[in-house]
$ cat structure_17.tsv   # TSV, C-alpha atoms and all ligand atoms
chain	number	residue	atom	x	y	z
A	18	MET	CA	108.38	60.23	101.88
A	19	SER	CA	105.84	57.43	101.74
A	20	SER	CA	105.87	54.88	98.99
A	21	LYS	CA	102.23	55.65	98.13
A	22	THR	CA	101.73	56.34	94.44
A	23	TYR	CA	100.18	59.54	93.15
A	24	PRO	CA	98.36	60.46	89.95
A	25	ASP	CA	100.67	60.17	86.94
A	26	LYS	CA	100.20	63.82	86.20
A	27	HIS	CA	102.45	64.77	89.10
A	28	THR	CA	105.23	62.30	88.84
A	29	THR	CA	108.42	62.30	86.87
A	30	THR	CA	107.19	59.24	85.01
A	31	SER	CA	104.36	61.23	83.42
A	32	TYR	CA	104.85	62.21	79.79
A	33	GLU	CA	102.14	64.81	79.64
A	34	PRO	CA	103.82	68.01	78.39
A	35	SER	CA	104.11	70.95	80.76
A	36	ARG	CA	103.04	74.25	79.27
A	37	ILE	CA	103.77	77.92	79.71
A	38	VAL	CA	100.69	80.13	79.82
A	39	PRO	CA	100.37	83.92	80.09
A	40	SER	CA	99.53	85.33	83.52
A	41	THR	CA	96.09	86.58	82.52
A	42	ALA	CA	93.20	86.64	85.00
A	43	GLU	CA	91.78	83.52	83.28
A	44	TRP	CA	94.97	81.48	83.60
A	45	ILE	CA	95.54	82.59	87.19
A	46	GLU	CA	91.98	81.47	87.96
A	47	ARG	CA	92.63	78.13	86.27
A	48	ALA	CA	95.89	77.62	88.22
A	49	ALA	CA	94.07	78.53	91.46
A	50	LYS	CA	91.33	75.99	90.74
A	51	ASP	CA	93.92	73.29	90.04
A	52	LEU	CA	95.79	74.15	93.24
A	53	LEU	CA	92.61	73.94	95.32
A	54	GLN	CA	92.13	70.43	93.95
A	55	GLY	CA	95.60	69.32	95.00
A	56	VAL	CA	97.24	69.76	91.58
A	57	ILE	CA	100.62	71.51	91.57
A	58	ALA	CA	101.51	74.51	89.36
A	59	ALA	CA	104.50	76.80	88.74
A	60	PHE	CA	104.35	80.56	89.26
A	61	PRO	CA	106.67	83.57	89.20
A	62	THR	CA	107.88	85.45	92.26
A	63	GLU	CA	110.26	88.41	92.44
A	64	THR	CA	113.09	86.06	93.47
A	65	VAL	CA	112.77	82.84	91.43
A	66	TYR	CA	109.91	80.72	90.03
A	67	GLY	CA	108.19	78.46	92.55
A	68	LEU	CA	106.52	75.07	92.31
A	69	ALA	CA	103.32	75.48	94.31
A	70	GLY	CA	100.99	73.10	96.13
A	71	LEU	CA	98.31	73.57	98.77
A	72	VAL	CA	100.00	73.28	102.21
A	73	THR	CA	97.28	70.99	103.46
A	74	SER	CA	97.30	68.60	100.49
A	75	GLU	CA	99.45	65.57	101.31
A	76	GLU	CA	99.19	64.57	97.69
A	77	ALA	CA	100.33	67.92	96.27
A	78	ILE	CA	103.22	68.14	98.72
A	79	ALA	CA	104.31	64.58	97.94
A	80	SER	CA	104.20	65.47	94.22
A	81	ILE	CA	106.48	68.47	94.79
A	82	PHE	CA	109.06	66.36	96.64
A	83	ALA	CA	108.86	63.60	94.03
A	84	LEU	CA	109.12	65.90	91.03
A	85	LYS	CA	112.08	67.82	92.45
A	86	GLY	CA	113.79	64.71	93.76
A	87	ARG	CA	114.03	66.64	97.03
A	88	PRO	CA	115.04	64.83	100.22
A	89	SER	CA	112.08	64.64	102.62
A	90	SER	CA	114.34	66.17	105.31
A	91	ASN	CA	114.37	69.55	103.50
A	92	PRO	CA	111.28	71.62	104.47
A	93	LEU	CA	109.32	73.92	102.12
A	94	ILE	CA	108.53	77.64	102.41
A	95	VAL	CA	104.85	78.49	102.96
A	96	HIS	CA	103.70	81.43	100.82
A	97	LEU	CA	100.98	83.77	102.09
A	98	ALA	CA	99.10	86.68	100.49
A	99	SER	CA	99.68	89.11	103.37
A	100	THR	CA	100.95	89.52	106.91
A	101	ARG	CA	97.35	89.02	108.10
A	102	HIS	CA	97.73	85.32	107.34
A	103	ILE	CA	100.96	84.67	109.26
A	104	GLU	CA	99.06	83.44	112.30
A	105	ASP	CA	97.06	81.01	110.18
A	106	VAL	CA	100.17	78.79	110.15
A	107	ALA	CA	102.60	80.20	112.74
A	108	ALA	CA	102.35	80.92	116.47
A	109	LEU	CA	103.64	84.37	117.48
A	110	ASN	CA	103.75	82.99	120.99
A	111	THR	CA	105.85	85.57	122.83
A	112	PRO	CA	105.63	89.38	122.86
A	113	LEU	CA	109.27	89.51	121.67
A	114	LEU	CA	108.56	87.31	118.66
A	115	ARG	CA	105.47	89.33	117.75
A	116	ARG	CA	107.44	92.57	118.02
A	117	ARG	CA	110.29	91.24	115.85
A	118	VAL	CA	107.85	90.13	113.15
A	119	GLU	CA	106.08	93.50	113.21
A	120	LEU	CA	109.39	95.35	112.97
A	121	LEU	CA	110.05	93.45	109.74
A	122	TYR	CA	106.77	94.57	108.12
A	123	PRO	CA	108.49	97.36	106.14
A	124	LEU	CA	110.41	94.60	104.26
A	125	ILE	CA	107.24	92.56	103.59
A	126	PRO	CA	105.90	91.68	101.04
A	127	GLY	CA	109.31	90.94	99.61
A	128	PRO	CA	112.24	88.53	99.30
A	129	LEU	CA	112.31	87.52	102.97
A	130	SER	CA	111.34	84.17	104.54
A	131	LEU	CA	110.85	83.90	108.30
A	132	ILE	CA	111.25	80.74	110.37
A	133	LEU	CA	108.58	80.75	113.08
A	134	PRO	CA	107.06	78.23	115.51
A	135	ALA	CA	104.48	76.22	113.56
A	136	ILE	CA	100.87	75.70	114.62
A	137	ASP	CA	100.25	71.98	114.47
A	138	GLY	CA	97.75	70.73	111.93
A	139	ARG	CA	97.82	73.84	109.70
A	140	THR	CA	100.31	72.44	107.19
A	141	SER	CA	100.97	68.92	106.05
A	142	PRO	CA	103.84	67.63	108.28
A	143	ALA	CA	105.85	66.93	105.12
A	144	VAL	CA	105.97	70.69	104.41
A	145	ARG	CA	107.92	71.14	107.65
A	146	ALA	CA	109.98	67.97	107.16
A	147	GLY	CA	108.42	66.76	110.40
A	148	GLY	CA	109.87	69.69	112.38
A	149	ASN	CA	108.05	72.13	114.67
A	150	THR	CA	108.93	75.33	112.81
A	151	VAL	CA	107.52	76.75	109.59
A	152	ALA	CA	109.08	79.07	107.00
A	153	ILE	CA	106.70	81.77	105.77
A	154	ARG	CA	107.13	84.20	102.89
A	155	ILE	CA	104.90	86.88	101.42
A	156	PRO	CA	106.04	87.46	97.85
A	157	ARG	CA	105.48	90.84	96.25
A	158	HIS	CA	105.33	89.78	92.58
A	159	PRO	CA	101.89	90.79	91.26
A	160	VAL	CA	101.21	87.36	89.75
A	161	ALA	CA	102.17	85.59	92.98
A	162	GLN	CA	99.96	88.01	94.88
A	163	ALA	CA	97.03	87.48	92.51
A	164	LEU	CA	97.39	83.70	92.67
A	165	LEU	CA	97.61	83.60	96.48
A	166	LYS	CA	94.56	85.85	96.79
A	167	GLN	CA	92.60	83.75	94.31
A	168	VAL	CA	93.49	80.49	96.11
A	169	GLY	CA	92.77	82.07	99.50
A	170	ARG	CA	94.93	79.46	101.26
A	171	PRO	CA	98.67	79.13	101.95
A	172	LEU	CA	100.83	77.57	99.23
A	173	ALA	CA	104.03	75.63	99.85
A	174	ALA	CA	106.51	76.48	97.12
A	175	PRO	CA	110.15	75.53	96.73
A	176	SER	CA	112.09	76.86	93.75
A	177	ALA	CA	110.84	75.17	90.57
A	178	ASN	CA	113.99	73.20	89.76
A	179	ARG	CA	115.25	69.70	90.32
A	180	SER	CA	116.97	69.32	93.68
A	181	THR	CA	120.56	70.71	93.86
A	182	ARG	CA	120.22	72.52	90.52
A	183	VAL	CA	120.10	76.18	89.57
A	184	SER	CA	116.82	77.95	90.44
A	185	PRO	CA	114.68	79.12	87.50
A	186	THR	CA	114.39	82.83	86.78
A	187	ARG	CA	112.22	82.49	83.64
A	188	ALA	CA	109.20	80.37	82.73
A	189	SER	CA	111.27	78.65	80.02
A	190	HIS	CA	113.73	77.47	82.71
A	191	VAL	CA	110.87	75.75	84.56
A	192	LEU	CA	109.76	74.08	81.35
A	193	GLY	CA	113.36	72.92	80.76
A	194	GLU	CA	113.45	71.41	84.28
A	195	PHE	CA	110.10	69.61	84.02
A	196	PRO	CA	109.14	69.31	80.35
A	197	SER	CA	106.79	66.37	80.76
A	198	ALA	CA	105.21	66.75	84.18
A	199	GLY	CA	101.89	68.13	82.93
A	200	LEU	CA	102.64	71.38	84.79
A	201	LEU	CA	100.85	74.64	84.20
A	202	ILE	CA	103.57	77.33	84.29
A	203	LEU	CA	102.35	80.91	84.73
A	204	ASP	CA	104.67	83.21	82.79
A	205	GLY	CA	105.69	86.33	84.70
A	206	GLY	CA	108.72	87.21	82.58
A	207	PRO	CA	112.25	87.30	84.02
A	208	CYS	CA	112.46	87.49	87.83
A	209	GLU	CA	113.46	90.93	89.04
A	210	ILE	CA	115.80	89.75	91.82
A	211	GLY	CA	116.95	86.40	90.47
A	212	LEU	CA	118.23	84.94	93.78
A	213	GLU	CA	116.20	83.11	96.42
A	214	SER	CA	114.82	84.94	99.46
A	215	THR	CA	116.83	85.65	102.59
A	216	VAL	CA	115.86	83.04	105.22
A	217	LEU	CA	115.78	84.51	108.74
A	218	ASP	CA	115.27	82.28	111.78
A	219	LEU	CA	113.26	84.04	114.50
A	220	THR	CA	113.03	80.97	116.74
A	221	THR	CA	116.61	81.41	117.99
A	222	PRO	CA	117.52	83.75	120.89
A	223	ARG	CA	119.14	86.10	118.38
A	224	PRO	CA	117.63	86.43	114.86
A	225	THR	CA	119.83	84.31	112.59
A	226	ILE	CA	120.26	84.34	108.82
A	227	LEU	CA	120.09	80.76	107.54
A	228	ARG	CA	120.35	81.71	103.86
A	229	PRO	CA	121.67	85.10	102.70
A	230	GLY	CA	119.65	86.86	100.01
A	231	PHE	CA	118.69	90.20	98.53
A	232	ILE	CA	117.67	91.51	101.98
A	233	THR	CA	121.02	91.98	103.66
A	234	LYS	CA	122.11	91.52	107.27
A	235	GLU	CA	122.46	95.29	107.55
A	236	ALA	CA	118.89	95.89	106.32
A	237	LEU	CA	117.57	93.34	108.83
A	238	GLU	CA	119.55	94.87	111.69
A	239	GLU	CA	118.25	98.29	110.81
A	240	ALA	CA	114.63	97.09	110.73
A	241	LEU	CA	114.95	95.05	113.94
A	242	GLY	CA	117.14	97.49	115.81
A	243	GLU	CA	119.32	94.64	117.11
A	244	PRO	CA	122.24	92.49	115.93
A	245	VAL	CA	121.51	89.61	113.57
A	246	SER	CA	123.69	86.48	113.43
A	247	GLU	CA	124.71	84.48	110.42
A	248	LEU	CA	124.68	80.73	110.62
A	249	PRO	CA	128.28	79.49	110.40
A	250	GLU	CA	128.51	77.00	107.57
A	251	ALA	CA	129.46	74.08	109.81
A	252	GLN	CA	126.27	74.50	111.82
A	253	ALA	CA	124.03	74.46	108.75
A	254	GLN	CA	124.84	70.78	108.57
A	255	THR	CA	124.19	69.96	112.21
A	256	SER	CA	120.97	68.11	112.61
A	257	THR	CA	118.44	69.15	115.24
A	258	ALA	CA	115.41	66.91	115.67
A	259	GLY	CA	116.12	65.15	112.41
A	260	ILE	CA	116.31	68.18	110.11
A	261	ALA	CA	119.40	70.18	109.35
A	262	LYS	CA	119.15	73.81	110.52
A	263	SER	CA	118.94	74.94	106.94
A	264	PRO	CA	119.18	71.94	104.69
A	265	GLY	CA	119.35	74.13	101.58
A	266	LEU	CA	122.75	75.24	102.80
A	267	SER	CA	124.20	71.88	103.68
A	268	THR	CA	125.19	70.16	100.44
A	269	ILE	CA	126.08	70.99	96.87
A	270	HIS	CA	123.31	73.26	95.69
A	271	TYR	CA	122.41	75.87	93.12
A	272	ALA	CA	124.75	74.03	90.73
A	273	PRO	CA	124.97	73.83	86.96
A	274	GLN	CA	125.78	70.40	85.50
A	275	THR	CA	129.16	71.61	84.24
A	276	PRO	CA	131.74	71.64	87.07
A	277	LEU	CA	131.97	75.14	88.52
A	278	TYR	CA	135.11	76.64	90.08
A	279	LEU	CA	135.75	79.87	91.91
A	280	ARG	CA	138.77	81.73	90.53
A	281	HIS	CA	141.12	80.62	93.35
A	282	GLN	CA	140.01	76.98	93.06
A	283	TRP	CA	140.77	77.13	89.35
A	284	TYR	CA	144.27	78.49	89.88
A	285	GLU	CA	144.91	75.76	92.44
A	286	LEU	CA	143.87	73.00	89.99
A	287	GLY	CA	146.81	71.01	88.62
A	288	GLN	CA	145.38	69.62	85.38
A	289	LYS	CA	143.09	72.28	83.92
A	290	PRO	CA	140.54	71.34	81.27
A	291	HIS	CA	140.99	73.53	78.16
A	292	ASN	CA	137.38	73.81	77.27
A	293	MET	CA	136.29	76.35	79.82
A	294	GLY	CA	133.95	79.31	80.18
A	295	TRP	CA	134.58	82.35	82.36
A	296	ILE	CA	132.05	84.51	84.19
A	297	SER	CA	133.22	87.87	85.47
A	298	PHE	CA	131.36	90.38	87.56
A	299	HIS	CA	132.55	93.48	85.73
A	300	PRO	CA	134.01	94.09	82.22
A	301	SER	CA	137.28	95.45	83.65
A	302	GLU	CA	138.16	92.05	85.19
A	303	PRO	CA	141.03	90.29	83.37
A	304	VAL	CA	139.88	87.04	81.70
A	305	PRO	CA	142.36	84.32	80.58
A	306	GLN	CA	142.67	84.28	76.78
A	307	MET	CA	142.04	80.55	76.63
A	308	ALA	CA	138.40	80.99	77.79
A	309	LYS	CA	136.09	79.62	75.07
A	310	GLU	CA	133.03	81.49	76.33
A	311	THR	CA	132.97	84.61	78.45
A	312	ARG	CA	130.09	86.36	80.17
A	313	VAL	CA	129.89	89.53	82.25
A	314	LEU	CA	127.29	89.67	85.03
A	315	SER	CA	126.97	93.45	85.06
A	316	LYS	CA	128.35	95.88	82.49
A	317	ARG	CA	128.03	98.72	84.97
A	318	GLY	CA	129.42	96.73	87.90
A	319	ASP	CA	126.12	96.69	89.76
A	320	LEU	CA	125.53	93.85	92.26
A	321	ASP	CA	121.73	93.84	91.88
A	322	GLU	CA	122.08	93.43	88.13
A	323	ALA	CA	124.68	90.69	88.66
A	324	ALA	CA	122.28	88.81	90.97
A	325	ALA	CA	119.48	89.04	88.40
A	326	GLN	CA	121.80	87.70	85.67
A	327	LEU	CA	123.63	84.95	87.58
A	328	TYR	CA	121.32	81.94	87.14
A	329	GLU	CA	120.50	82.84	83.57
A	330	VAL	CA	124.21	83.00	82.68
A	331	LEU	CA	124.91	79.70	84.51
A	332	ARG	CA	122.14	78.02	82.51
A	333	GLU	CA	123.43	79.52	79.27
A	334	LEU	CA	126.98	78.27	79.84
A	335	ASP	CA	125.64	74.88	80.87
A	336	GLU	CA	124.35	74.55	77.30
A	337	CYS	CA	127.80	75.25	75.81
A	338	ARG	CA	129.30	71.79	76.41
A	339	LEU	CA	132.19	73.15	78.43
A	340	ASP	CA	134.38	71.10	80.78
A	341	ALA	CA	134.45	73.82	83.41
A	342	ILE	CA	132.86	77.13	84.33
A	343	ILE	CA	135.02	79.55	86.31
A	344	VAL	CA	133.60	82.53	88.19
A	345	GLY	CA	135.79	85.53	88.95
A	346	ASP	CA	135.67	87.63	92.11
A	347	ILE	CA	132.38	89.02	93.40
A	348	PRO	CA	132.52	91.97	95.83
A	349	GLU	CA	131.37	90.51	99.15
A	350	HIS	CA	129.04	93.22	100.35
A	351	GLY	CA	125.32	93.87	99.92
A	352	VAL	CA	123.71	91.21	97.73
A	353	GLY	CA	127.26	90.12	96.78
A	354	VAL	CA	127.22	88.08	100.02
A	355	ALA	CA	124.29	86.04	98.69
A	356	ILE	CA	125.80	85.69	95.20
A	357	PHE	CA	129.05	84.44	96.69
A	358	ASP	CA	127.17	82.07	99.01
A	359	ARG	CA	125.41	80.42	96.04
A	360	LEU	CA	128.62	80.20	94.02
A	361	ARG	CA	130.47	78.59	96.91
A	362	ARG	CA	127.76	75.95	97.21
A	363	ALA	CA	127.62	75.41	93.45
A	364	SER	CA	131.39	74.84	93.41
A	365	ARG	CA	131.32	72.10	96.06
A	366	ARG	CA	132.25	68.63	94.96
B	1	LIG	O1	112.82	82.95	97.09
B	1	LIG	C1	112.46	81.87	97.58
B	1	LIG	O2	112.54	81.63	98.78
B	1	LIG	C2	111.86	80.82	96.62
B	1	LIG	C3	110.55	81.35	96.06
B	1	LIG	C4	109.83	80.35	95.19
B	1	LIG	O3	109.74	81.82	97.10
B	1	LIG	N1	111.70	79.58	97.29
B	1	LIG	C5	112.76	78.81	97.63
B	1	LIG	O4	112.39	77.63	98.22
B	1	LIG	O5	113.92	79.13	97.43
B	1	LIG	P1	113.41	76.40	98.42
B	1	LIG	O6	112.59	75.29	98.92
B	1	LIG	O7	114.14	76.16	97.17
B	1	LIG	O8	114.34	76.88	99.58
B	1	LIG	C6	113.79	76.97	100.89
B	1	LIG	C7	114.89	77.11	101.90
B	1	LIG	C8	115.68	75.84	102.02
B	1	LIG	O9	117.04	76.19	102.26
B	1	LIG	C9	115.05	75.18	103.24
B	1	LIG	O10	115.92	74.32	103.90
B	1	LIG	C10	114.73	76.40	104.09
B	1	LIG	O11	114.30	77.38	103.17
B	1	LIG	N2	113.62	76.12	105.04
B	1	LIG	C11	112.32	75.93	104.77
B	1	LIG	N3	111.63	75.67	105.90
B	1	LIG	C12	112.50	75.70	106.91
B	1	LIG	C13	112.41	75.51	108.32
B	1	LIG	N4	111.27	75.22	108.92
B	1	LIG	N5	113.55	75.62	109.05
B	1	LIG	C14	114.74	75.91	108.46
B	1	LIG	N6	114.89	76.12	107.12
B	1	LIG	C15	113.80	76.01	106.37
B	2	MG	MG	115.64	75.68	95.91
$ encode --input "structure_17.tsv" --output "structure tokens" --more "lines below"
Ligand code: TXA
Ligand code: MG
Amino acid sequence: MSSKTYPDKHTTTSYEPSRIVPSTAEWIERAAKDLLQGVIAAFPTETVYGLAGLVTSEEAIASIFALKGRPSSNPLIVHLASTRHIEDVAALNTPLLRRRVELLYPLIPGPLSLILPAIDGRTSPAVRAGGNTVAIRIPRHPVAQALLKQVGRPLAAPSANRSTRVSPTRASHVLGEFPSAGLLILDGGPCEIGLESTVLDLTTPRPTILRPGFITKEALEEALGEPVSELPEAQAQTSTAGIAKSPGLSTIHYAPQTPLYLRHQWYELGQKPHNMGWISFHPSEPVPQMAKETRVLSKRGDLDEAAAQLYEVLRELDECRLDAIIVGDIPEHGVGVAIFDRLRRASRR
């Protein structure tokens, strides 16, 4: 990132309060006007809340990186109103690529981001972290849709949290992350899915999942009619042309401030802090009696409900002044794969 300075309103040194506003037509119009002028704003999507800026505004994009404390090597997802706009920013430059994208239309709009070859000059280079690919996503949340239509241009939007932290699933979480950044935060209520989109790379010979999400490998294989690979963790950290294949997967991420342990890590710990909280997937799971706080992700043992609850519960326990948060076993199928992926990254030290 350059050392250029930007209007106070967008930087972490600003003390102008951020504010949550209802997602009425008037507020969406106001947010759209701000965005068109290069001012950033937060908005709801079906996955998590995003921090949006015009893809062509160097200033807005620099503000997003600065506010999040995000490394400039980690590219942003470009949000579009509909599939009609994909080729505004990405080149579907082979018949195979075009066919793969079209086969995915039944899953779009929705919680799916596609990595595609970028068209030069359509997004600020910082959005792509200087690389030659671009991530696109068409969110289905009605407020996100309304905002994108009103702006009429693509919006870069990472999750609206400080880098490495838990993504926000409510407007109040965004306010908690950036209380004094002068941000307009459109309130869309709690996010339905609660986990970030599946990131699928279509620039590789075989479609490859860079970040698991609500849209599973099986659903992608069914839509595409071909096998889909998953990026082995070691490779997520290998740099190609300066950017990691999926930087969001490479370091500690999605983490509460309280140290988080998976059940097996906890049992392997020699000296265990007493002041601990326990998160279980299902009420039938045995929980050690010494746990000071306990939470259940889904009373009926449903993975979708668990995904929607996860970040909220992590934030809640983070407020409890515990020395450790332990998470019990999550079934590793369906969206459980994505839940487990986030927990593994949150538990890295
Ligand atoms: O659900 C979501 O995807 C949310 C909402 C707001 O849409 N957004 C989100 O953005 O999670 P962010 O920036 O927190 O995560 C974007 C992920 C990161 O892991 C990033 O490295 C990866 O997408 N990514 C973005 N552009 C990429 C590219 N060109 N190549 C590889 N990975 C890319
Ligand atoms: Mg994020």
$ closest_residue --input "structure_17.tsv" --among "A:Thr186, A:Thr233, A:Gln274, A:Asn110" --to "Leu219 in chain A" --atoms "only C-alpha atoms"
A:Asn110
$ closest_residue --input "structure_17.tsv" --among "A:Val118, A:Val38, A:Ala143, A:Ile343" --to "Ala59 in chain A" --atoms "all atoms listed in the file"
A:Val38
$ residues_near_point --input "structure_17.tsv" --point "(105.3, 63.8, 101.0)" --cutoff "12 Å" --atoms "all atoms listed in the file" --output "PyMOL selection string"
chain A and resi 18-23+70+72-93+140-147+173
$ closest_residue --input "structure_17.tsv" --among "A:Glu213, A:Glu238, A:Glu247, A:Glu119" --to "Thr225 in chain A" --atoms "only C-alpha atoms"
A:Glu247
$ atom_distance --input "structure_17.tsv" --atom1 "CA of Pro273 in chain A" --atom2 "CA of Trp295 in chain A"
13.6 Å
$ residues_near_ligand --input "structure_17.tsv" --ligand "ligand MG 2 (chain B)" --cutoff "10 Å" --atoms "all atoms listed in the file" --output "ChimeraX atom specification"
/A:65-68,85,87,91,93-94,174-185,212-214,265-266,270-271
$ closest_residue --input "structure_17.tsv" --among "A:Arg280, A:Lys316, A:His299, A:Arg101" --to "Leu360 in chain A" --atoms "only C-alpha atoms"
A:Arg280
$ closest_residue --input "structure_17.tsv" --among "A:His102, A:Arg154, A:Arg115, A:Arg36" --to "ligand LIG 1 (chain B)" --atoms "all atoms listed in the file"
A:Arg154
$ atom_distance --input "structure_17.tsv" --atom1 "CA of Ala42 in chain A" --atom2 "CA of Ile202 in chain A"
14.0 Å
$ residues_around --input "structure_17.tsv" --residues "Gly230 in chain A" --least-positions-apart "3" --cutoff "10 Å" --atoms "all atoms listed in the file" --output "list in words"
Thr64, Pro128, Leu129, Ser130, Ile210, Gly211, Leu212, Glu213, Ser214, Thr215, Val216, Leu217, Ile226, Leu227, Thr233, Lys234, Ala324, Gly351, Val352, Gly353, Val354, Ala355, Ile356, Asp358 and Arg359 of chain A
$ atom_distance --input "structure_17.tsv" --atom1 "CA of Arg317 in chain A" --atom2 "CA of Ala240 in chain A"
29.1 Å
$ closest_residue --input "structure_17.tsv" --among "A:Leu131, A:Leu203, A:Leu120, A:Leu314" --to "Ser301 in chain A" --atoms "only C-alpha atoms"
A:Leu314
$ residues_around --input "structure_17.tsv" --residues "Arg312 in chain A" --least-positions-apart "2" --cutoff "10 Å" --atoms "all atoms listed in the file" --output "PyMOL selection string"
chain A and resi 294-300+304+310+314-316+327+330-331+333-334+344
$ residues_near_point --input "structure_17.tsv" --point "(118.4, 77.3, 78.1)" --cutoff "8 Å" --atoms "only C-alpha atoms" --output "number ranges by chain"
A: 189-190, 193, 332-333, 336
$ residues_around --input "structure_17.tsv" --residues "Leu114 in chain A" --least-positions-apart "6" --cutoff "12 Å" --atoms "all atoms listed in the file" --output "list in words"
Ala107, Ala108, Leu120, Leu121, Leu131, Ile132, Leu133, Pro134, Asp218, Leu219, Thr220, Thr221, Pro222, Arg223, Pro224 and Leu241 of chain A
$ write_last_selection --input "structure_17.tsv" --atoms "C-alpha atoms" --output "short mmCIF file (atom, residue, chain, number, x, y, z; two decimals), keeping the file's coordinate frame"
data_model
loop_
_atom_site.label_atom_id
_atom_site.label_comp_id
_atom_site.auth_asym_id
_atom_site.auth_seq_id
_atom_site.Cartn_x
_atom_site.Cartn_y
_atom_site.Cartn_z
CA ALA A 107 102.60 80.20 112.74
CA ALA A 108 102.35 80.92 116.47
CA LEU A 120 109.39 95.35 112.97
CA LEU A 121 110.05 93.45 109.74
CA LEU A 131 110.85 83.90 108.30
CA ILE A 132 111.25 80.74 110.37
CA LEU A 133 108.58 80.75 113.08
CA PRO A 134 107.06 78.23 115.51
CA ASP A 218 115.27 82.28 111.78
CA LEU A 219 113.26 84.04 114.50
CA THR A 220 113.03 80.97 116.74
CA THR A 221 116.61 81.41 117.99
CA PRO A 222 117.52 83.75 120.89
CA ARG A 223 119.14 86.10 118.38
CA PRO A 224 117.63 86.43 114.86
CA LEU A 241 114.95 95.05 113.94
#
